[in-house]
$ cat coords-v2.pdb   # PDB, C-alpha atoms
ATOM      1  CA  MET A   1      37.669  -4.974 -98.896
ATOM      2  CA  LYS A   2      41.006  -5.872-100.436
ATOM      3  CA  ILE A   3      41.612  -9.543-101.200
ATOM      4  CA  LYS A   4      44.608  -9.462 -98.863
ATOM      5  CA  ASP A   5      42.531  -8.079 -95.986
ATOM      6  CA  PHE A   6      39.808 -10.631 -96.676
ATOM      7  CA  THR A   7      42.371 -13.435 -96.575
ATOM      8  CA  LEU A   8      43.898 -12.215 -93.317
ATOM      9  CA  THR A   9      40.436 -11.838 -91.793
ATOM     10  CA  ALA A  10      39.611 -15.417 -92.773
ATOM     11  CA  ILE A  11      42.859 -16.629 -91.189
ATOM     12  CA  PHE A  12      42.172 -14.791 -87.917
ATOM     13  CA  LEU A  13      38.595 -16.080 -87.934
ATOM     14  CA  SER A  14      39.870 -19.637 -88.355
ATOM     15  CA  ILE A  15      42.313 -19.195 -85.469
ATOM     16  CA  ILE A  16      39.551 -17.880 -83.196
ATOM     17  CA  LEU A  17      37.203 -20.759 -84.040
ATOM     18  CA  LEU A  18      39.994 -23.326 -83.663
ATOM     19  CA  CYS A  19      40.952 -21.979 -80.254
ATOM     20  CA  ALA A  20      37.357 -21.621 -79.109
ATOM     21  CA  PHE A  21      36.386 -25.211 -79.798
ATOM     22  CA  THR A  22      39.573 -26.879 -78.587
ATOM     23  CA  PRO A  23      41.021 -26.973 -75.042
ATOM     24  CA  PHE A  24      43.527 -24.235 -75.950
ATOM     25  CA  GLY A  25      41.061 -21.343 -76.231
ATOM     26  CA  PHE A  26      39.159 -21.590 -72.957
ATOM     27  CA  ILE A  27      41.186 -23.060 -70.099
ATOM     28  CA  HIS A  28      39.183 -24.296 -67.107
ATOM     29  CA  LEU A  29      40.492 -22.879 -63.831
ATOM     30  CA  GLY A  30      37.813 -24.020 -61.439
ATOM     31  CA  VAL A  31      35.220 -21.268 -61.176
ATOM     32  CA  VAL A  32      36.491 -19.230 -64.145
ATOM     33  CA  LYS A  33      37.906 -19.923 -67.588
ATOM     34  CA  ALA A  34      41.109 -18.267 -68.747
ATOM     35  CA  THR A  35      41.355 -17.454 -72.445
ATOM     36  CA  ILE A  36      43.878 -16.626 -75.158
ATOM     37  CA  ILE A  37      41.309 -15.877 -77.859
ATOM     38  CA  HIS A  38      41.595 -12.140 -77.259
ATOM     39  CA  ILE A  39      45.186 -12.191 -78.577
ATOM     40  CA  PRO A  40      44.454 -12.791 -82.299
ATOM     41  CA  ILE A  41      41.670 -10.206 -82.011
ATOM     42  CA  ILE A  42      44.088  -7.578 -80.668
ATOM     43  CA  ILE A  43      46.541  -8.395 -83.469
ATOM     44  CA  ALA A  44      43.825  -8.261 -86.128
ATOM     45  CA  SER A  45      42.582  -4.888 -84.879
ATOM     46  CA  ILE A  46      46.048  -3.358 -85.128
ATOM     47  CA  ILE A  47      46.691  -4.761 -88.606
ATOM     48  CA  LEU A  48      43.251  -4.661 -90.241
ATOM     49  CA  GLY A  49      41.550  -1.857 -88.342
ATOM     50  CA  PRO A  50      38.854  -1.439 -85.704
ATOM     51  CA  ARG A  51      35.877  -2.581 -87.794
ATOM     52  CA  ILE A  52      37.330  -5.991 -88.575
ATOM     53  CA  GLY A  53      38.632  -6.211 -85.015
ATOM     54  CA  ALA A  54      35.140  -5.530 -83.677
ATOM     55  CA  PHE A  55      33.684  -8.160 -86.024
ATOM     56  CA  LEU A  56      36.167 -10.759 -84.785
ATOM     57  CA  GLY A  57      35.390  -9.707 -81.221
ATOM     58  CA  LEU A  58      31.728 -10.360 -81.959
ATOM     59  CA  VAL A  59      32.632 -13.855 -83.157
ATOM     60  CA  PHE A  60      34.596 -14.351 -79.928
ATOM     61  CA  GLY A  61      31.480 -13.385 -77.992
ATOM     62  CA  PHE A  62      29.311 -15.931 -79.802
ATOM     63  CA  THR A  63      31.880 -18.685 -79.282
ATOM     64  CA  SER A  64      31.928 -17.812 -75.581
ATOM     65  CA  ILE A  65      28.155 -18.272 -75.436
ATOM     66  CA  ALA A  66      28.401 -21.598 -77.258
ATOM     67  CA  VAL A  67      31.258 -22.999 -75.154
ATOM     68  CA  ASN A  68      29.671 -21.972 -71.848
ATOM     69  CA  THR A  69      26.408 -23.546 -72.941
ATOM     70  CA  ILE A  70      27.996 -26.815 -74.068
ATOM     71  CA  SER A  71      30.597 -27.085 -71.298
ATOM     72  CA  PRO A  72      29.380 -25.015 -68.339
ATOM     73  CA  THR A  73      31.279 -24.066 -65.194
ATOM     74  CA  LEU A  74      30.007 -22.337 -62.053
ATOM     75  CA  LEU A  75      30.165 -18.939 -63.774
ATOM     76  CA  SER A  76      28.732 -19.980 -67.142
ATOM     77  CA  PHE A  77      25.415 -18.356 -66.230
ATOM     78  CA  ALA A  78      27.215 -15.037 -66.763
ATOM     79  CA  PHE A  79      28.064 -15.910 -70.390
ATOM     80  CA  SER A  80      25.095 -17.945 -71.589
ATOM     81  CA  PRO A  81      21.389 -17.179 -71.128
ATOM     82  CA  ALA A  82      20.742 -20.924 -71.479
ATOM     83  CA  ILE A  83      22.431 -21.628 -68.115
ATOM     84  CA  PRO A  84      20.272 -20.908 -65.033
ATOM     85  CA  VAL A  85      21.631 -18.206 -62.752
ATOM     86  CA  LEU A  86      22.686 -19.633 -59.399
ATOM     87  CA  GLY A  87      19.807 -19.380 -56.973
ATOM     88  CA  SER A  88      17.189 -19.355 -59.746
ATOM     89  CA  SER A  89      15.698 -21.693 -62.327
ATOM     90  CA  GLN A  90      16.304 -19.587 -65.433
ATOM     91  CA  GLY A  91      19.037 -17.827 -67.314
ATOM     92  CA  SER A  92      19.495 -14.098 -67.834
ATOM     93  CA  PHE A  93      19.798 -12.150 -71.062
ATOM     94  CA  TRP A  94      22.385  -9.969 -69.309
ATOM     95  CA  ALA A  95      24.724 -12.882 -70.063
ATOM     96  CA  LEU A  96      24.604 -11.825 -73.713
ATOM     97  CA  PHE A  97      25.892  -8.386 -72.724
ATOM     98  CA  ILE A  98      28.831  -9.848 -70.776
ATOM     99  CA  ALA A  99      29.675 -12.397 -73.460
ATOM    100  CA  ILE A 100      29.533  -9.993 -76.385
ATOM    101  CA  VAL A 101      30.051  -6.314 -75.486
ATOM    102  CA  PRO A 102      33.522  -6.545 -73.824
ATOM    103  CA  ARG A 103      34.710  -8.734 -76.713
ATOM    104  CA  VAL A 104      33.538  -6.246 -79.351
ATOM    105  CA  ILE A 105      35.252  -3.456 -77.409
ATOM    106  CA  ILE A 106      38.496  -5.455 -77.201
ATOM    107  CA  GLY A 107      38.363  -5.778 -80.990
ATOM    108  CA  PHE A 108      37.691  -2.090 -81.540
ATOM    109  CA  ILE A 109      40.131  -0.284 -79.238
ATOM    110  CA  PRO A 110      43.599  -1.871 -79.839
ATOM    111  CA  TYR A 111      43.986  -0.020 -83.146
ATOM    112  CA  TYR A 112      43.522   3.343 -81.459
ATOM    113  CA  VAL A 113      45.475   2.419 -78.328
ATOM    114  CA  PHE A 114      48.453   1.415 -80.478
ATOM    115  CA  LYS A 115      48.310   4.679 -82.438
ATOM    116  CA  ALA A 116      48.063   6.737 -79.239
ATOM    117  CA  ILE A 117      50.936   4.966 -77.511
ATOM    118  CA  ARG A 118      53.193   5.419 -80.541
ATOM    119  CA  LYS A 119      52.530   9.145 -80.411
ATOM    120  CA  VAL A 120      53.291   9.296 -76.694
ATOM    121  CA  ILE A 121      56.646   7.564 -77.131
ATOM    122  CA  SER A 122      57.366   9.083 -80.559
ATOM    123  CA  LYS A 123      60.747  10.422 -79.395
ATOM    124  CA  LYS A 124      62.187   6.925 -79.508
ATOM    125  CA  LYS A 125      63.411   5.827 -82.937
ATOM    126  CA  ASP A 126      62.150   2.252 -82.694
ATOM    127  CA  ASN A 127      58.885   2.679 -80.822
ATOM    128  CA  GLN A 128      56.817   0.055 -82.625
ATOM    129  CA  LYS A 129      57.627  -2.973 -80.473
ATOM    130  CA  PRO A 130      57.286  -1.187 -77.107
ATOM    131  CA  ALA A 131      53.979   0.259 -78.284
ATOM    132  CA  LEU A 132      52.767  -3.192 -79.357
ATOM    133  CA  PHE A 133      53.788  -4.731 -76.041
ATOM    134  CA  ILE A 134      51.991  -2.047 -74.038
ATOM    135  CA  THR A 135      48.918  -2.293 -76.286
ATOM    136  CA  GLY A 136      48.667  -6.043 -75.734
ATOM    137  CA  ILE A 137      48.936  -5.652 -71.970
ATOM    138  CA  LEU A 138      46.633  -2.637 -71.626
ATOM    139  CA  THR A 139      43.824  -3.930 -73.834
ATOM    140  CA  THR A 140      43.889  -7.319 -72.097
ATOM    141  CA  PHE A 141      43.525  -5.632 -68.716
ATOM    142  CA  ILE A 142      40.599  -3.618 -70.113
ATOM    143  CA  HIS A 143      38.966  -6.836 -71.306
ATOM    144  CA  THR A 144      39.417  -8.550 -67.932
ATOM    145  CA  PHE A 145      38.136  -5.480 -66.088
ATOM    146  CA  LEU A 146      35.034  -5.205 -68.280
ATOM    147  CA  VAL A 147      34.161  -8.903 -68.002
ATOM    148  CA  MET A 148      34.781  -9.339 -64.275
ATOM    149  CA  GLY A 149      33.368  -5.919 -63.427
ATOM    150  CA  SER A 150      30.177  -6.684 -65.354
ATOM    151  CA  ILE A 151      29.786 -10.066 -63.651
ATOM    152  CA  SER A 152      30.228  -8.635 -60.157
ATOM    153  CA  PHE A 153      27.805  -5.778 -60.916
ATOM    154  CA  LEU A 154      25.067  -7.583 -62.865
ATOM    155  CA  PHE A 155      25.217 -10.916 -61.035
ATOM    156  CA  GLN A 156      26.447  -9.870 -57.608
ATOM    157  CA  ASP A 157      24.410 -12.371 -55.558
ATOM    158  CA  ALA A 158      24.977 -15.310 -57.918
ATOM    159  CA  TYR A 159      28.694 -14.534 -58.190
ATOM    160  CA  ALA A 160      28.935 -14.352 -54.384
ATOM    161  CA  GLU A 161      27.289 -17.779 -54.165
ATOM    162  CA  ALA A 162      29.623 -19.229 -56.797
ATOM    163  CA  ILE A 163      32.758 -18.140 -54.938
ATOM    164  CA  ASN A 164      31.307 -18.532 -51.431
ATOM    165  CA  ALA A 165      31.722 -14.839 -50.675
ATOM    166  CA  GLY A 166      29.847 -13.622 -47.635
ATOM    167  CA  SER A 167      30.204  -9.885 -48.171
ATOM    168  CA  THR A 168      30.653  -7.206 -50.811
ATOM    169  CA  SER A 169      34.295  -6.745 -49.824
ATOM    170  CA  ALA A 170      34.859 -10.480 -50.383
ATOM    171  CA  ILE A 171      33.430 -10.139 -53.892
ATOM    172  CA  TYR A 172      35.746  -7.229 -54.703
ATOM    173  CA  LYS A 173      38.669  -9.192 -53.315
ATOM    174  CA  ALA A 174      37.800 -12.158 -55.544
ATOM    175  CA  VAL A 175      37.523  -9.910 -58.608
ATOM    176  CA  LEU A 176      40.897  -8.310 -57.872
ATOM    177  CA  THR A 177      42.420 -11.759 -57.351
ATOM    178  CA  VAL A 178      41.272 -12.820 -60.816
ATOM    179  CA  PHE A 179      42.477  -9.503 -62.220
ATOM    180  CA  PHE A 180      45.997  -9.854 -60.824
ATOM    181  CA  THR A 181      46.382 -13.606 -61.457
ATOM    182  CA  ASN A 182      44.582 -14.764 -64.602
ATOM    183  CA  GLY A 183      44.411 -11.237 -65.953
ATOM    184  CA  LEU A 184      48.101 -10.575 -65.400
ATOM    185  CA  ALA A 185      49.136 -13.855 -67.063
ATOM    186  CA  GLU A 186      46.833 -13.229 -70.038
ATOM    187  CA  ALA A 187      48.118  -9.646 -70.359
ATOM    188  CA  ALA A 188      51.787 -10.651 -70.289
ATOM    189  CA  LEU A 189      51.207 -13.323 -72.929
ATOM    190  CA  ALA A 190      49.221 -10.914 -75.085
ATOM    191  CA  GLY A 191      51.977  -8.303 -74.866
ATOM    192  CA  VAL A 192      54.725 -10.716 -75.895
ATOM    193  CA  VAL A 193      52.773 -12.355 -78.731
ATOM    194  CA  THR A 194      51.497  -9.032 -80.093
ATOM    195  CA  MET A 195      55.016  -7.581 -80.074
ATOM    196  CA  ALA A 196      56.389 -10.646 -81.904
ATOM    197  CA  VAL A 197      53.638 -11.251 -84.469
ATOM    198  CA  VAL A 198      52.429  -7.816 -85.559
ATOM    199  CA  PRO A 199      55.635  -6.376 -87.161
ATOM    200  CA  PRO A 200      56.058  -9.077 -89.835
ATOM    201  CA  LEU A 201      52.306  -9.135 -90.517
ATOM    202  CA  LEU A 202      52.266  -5.358 -90.940
ATOM    203  CA  LYS A 203      55.021  -5.652 -93.537
ATOM    204  CA  VAL A 204      53.082  -8.321 -95.404
ATOM    205  CA  SER A 205      49.806  -6.386 -95.279
ATOM    206  CA  LYS A 206      51.430  -3.225 -96.664
ATOM    207  CA  LYS A 207      53.088  -4.927 -99.649
TER     208      LYS A 207
END
$ encode --input "coords-v2.pdb" --output "structure tokens"
Amino acid sequence: MKIKDFTLTAIFLSIILLCAFTPFGFIHLGVVKATIIHIPIIIASIILGPRIGAFLGLVFGFTSIAVNTISPTLLSFAFSPAIPVLGSSQGSFWALFIAIVPRVIIGFIPYYVFKAIRKVISKKKDNQKPALFITGILTTFIHTFLVMGSISFLFQDAYAEAINAGSTSAIYKAVLTVFFTNGLAEAALAGVVTMAVVPPLLKVSKK
């Protein structure tokens, strides 16, 4: 790895750890926690490539396990096997899947999504910023979908108890509510920040 790439990776890693273990990274919103930690991972994937992005996503996953273990909410059982699943006396190792796999994916795919979108809108002269904005939004929605979809599928009964849902349709409604509230806000922020931060960093990384 080039010294420059190593330095940038260390900077992104520091940002992720700083956000994860301060109130800025995981924001308590009652049952769920909103997050901004996916944003530096998206940026890193575009600049440094999918392997480093996936590594940083893995770190994000481990910080999620740690934070949900140390400071649990009603849904922390879905992110930490140390937290008992609602309605039982023990945790589930499926929590490791939810905490880690979507985060690794969100580190891996932005690089390819950005490349694909630039090709689709290649007719425009300055297509970098629109492509970055769309990449930030799309990959954030994918992350939210994977996390919430996995929770509702793997922990359907416990999730229903956590949100006081009395039917399957109520669960789907709750998931869609999170998707179009927290998910939409996270996606918009990711799109704006990615569009603003990536261009100057790409210039620096190519020098």
$ atom_distance --input "coords-v2.pdb" --atom1 "CA of Val120 in chain A" --atom2 "CA of Gly57 in chain A"
26.5 Å
$ closest_residue --input "coords-v2.pdb" --among "A:Leu132, A:Leu56, A:Met148, A:Ile37" --to "Phe179 in chain A" --atoms "only C-alpha atoms"
A:Met148
$ resolve_selection --input "coords-v2.pdb" --expression "the PyMOL selection byres ((chain A and resi 77) around 12)" --output "ChimeraX atom specification"
/A:31-32,64-76,78-99,151,154-155,158-159,162
$ axis_aligned_box --input "coords-v2.pdb" --around "range 64-81 of chain A" --padding-each-side "8 Å" --output "JSON"
{"center_x": 26.7, "center_y": -21.1, "center_z": -69.7, "size_x": 26.5, "size_y": 28.0, "size_z": 31.2}
$ residues_around --input "coords-v2.pdb" --residues "Ile117 in chain A" --least-positions-apart "4" --cutoff "12 Å" --atoms "only C-alpha atoms" --output "mmCIF file with C-alpha atoms, in the coordinates of the input"
data_model
loop_
_atom_site.group_PDB
_atom_site.id
_atom_site.type_symbol
_atom_site.label_atom_id
_atom_site.label_comp_id
_atom_site.auth_asym_id
_atom_site.auth_seq_id
_atom_site.Cartn_x
_atom_site.Cartn_y
_atom_site.Cartn_z
ATOM 1 C CA PRO A 110 43.599 -1.871 -79.839
ATOM 2 C CA TYR A 111 43.986 -0.020 -83.146
ATOM 3 C CA TYR A 112 43.522 3.343 -81.459
ATOM 4 C CA VAL A 113 45.475 2.419 -78.328
ATOM 5 C CA ILE A 121 56.646 7.564 -77.131
ATOM 6 C CA SER A 122 57.366 9.083 -80.559
ATOM 7 C CA LYS A 123 60.747 10.422 -79.395
ATOM 8 C CA LYS A 124 62.187 6.925 -79.508
ATOM 9 C CA ASN A 127 58.885 2.679 -80.822
ATOM 10 C CA GLN A 128 56.817 0.055 -82.625
ATOM 11 C CA LYS A 129 57.627 -2.973 -80.473
ATOM 12 C CA PRO A 130 57.286 -1.187 -77.107
ATOM 13 C CA ALA A 131 53.979 0.259 -78.284
ATOM 14 C CA LEU A 132 52.767 -3.192 -79.357
ATOM 15 C CA PHE A 133 53.788 -4.731 -76.041
ATOM 16 C CA ILE A 134 51.991 -2.047 -74.038
ATOM 17 C CA THR A 135 48.918 -2.293 -76.286
ATOM 18 C CA GLY A 136 48.667 -6.043 -75.734
ATOM 19 C CA LEU A 138 46.633 -2.637 -71.626
ATOM 20 C CA THR A 139 43.824 -3.930 -73.834
#
$ atom_distance --input "coords-v2.pdb" --atom1 "CA of Phe6 in chain A" --atom2 "CA of Ile52 in chain A"
9.7 Å
$ atom_distance --input "coords-v2.pdb" --atom1 "CA of Gly49 in chain A" --atom2 "CA of Val197 in chain A"
15.8 Å
$ resolve_selection --input "coords-v2.pdb" --expression "the PyMOL selection byres ((chain A and resi 60) around 8)" --output "PDB file with C-alpha atoms, in the coordinates of the input"
ATOM      1  CA  ILE A  16      39.551 -17.880 -83.196  1.00  0.00           C
ATOM      2  CA  ALA A  20      37.357 -21.621 -79.109  1.00  0.00           C
ATOM      3  CA  ILE A  37      41.309 -15.877 -77.859  1.00  0.00           C
ATOM      4  CA  HIS A  38      41.595 -12.140 -77.259  1.00  0.00           C
ATOM      5  CA  LEU A  56      36.167 -10.759 -84.785  1.00  0.00           C
ATOM      6  CA  GLY A  57      35.390  -9.707 -81.221  1.00  0.00           C
ATOM      7  CA  LEU A  58      31.728 -10.360 -81.959  1.00  0.00           C
ATOM      8  CA  VAL A  59      32.632 -13.855 -83.157  1.00  0.00           C
ATOM      9  CA  GLY A  61      31.480 -13.385 -77.992  1.00  0.00           C
ATOM     10  CA  PHE A  62      29.311 -15.931 -79.802  1.00  0.00           C
ATOM     11  CA  THR A  63      31.880 -18.685 -79.282  1.00  0.00           C
ATOM     12  CA  SER A  64      31.928 -17.812 -75.581  1.00  0.00           C
ATOM     13  CA  ILE A 100      29.533  -9.993 -76.385  1.00  0.00           C
ATOM     14  CA  ARG A 103      34.710  -8.734 -76.713  1.00  0.00           C
TER      15      ARG A 103
END
$ closest_residue --input "coords-v2.pdb" --among "A:Phe108, A:Tyr172, A:Phe26, A:Phe141" --to "Arg51 in chain A" --atoms "only C-alpha atoms"
A:Phe108
$ closest_residue --input "coords-v2.pdb" --among "A:Ala196, A:Ile106, A:Val147, A:Ala160" --to "Ser45 in chain A" --atoms "all atoms listed in the file"
A:Ile106
$ closest_residue --input "coords-v2.pdb" --among "A:Asp5, A:Ile171, A:Ser150, A:Ile39" --to "Cys19 in chain A" --atoms "all atoms listed in the file"
A:Ile39
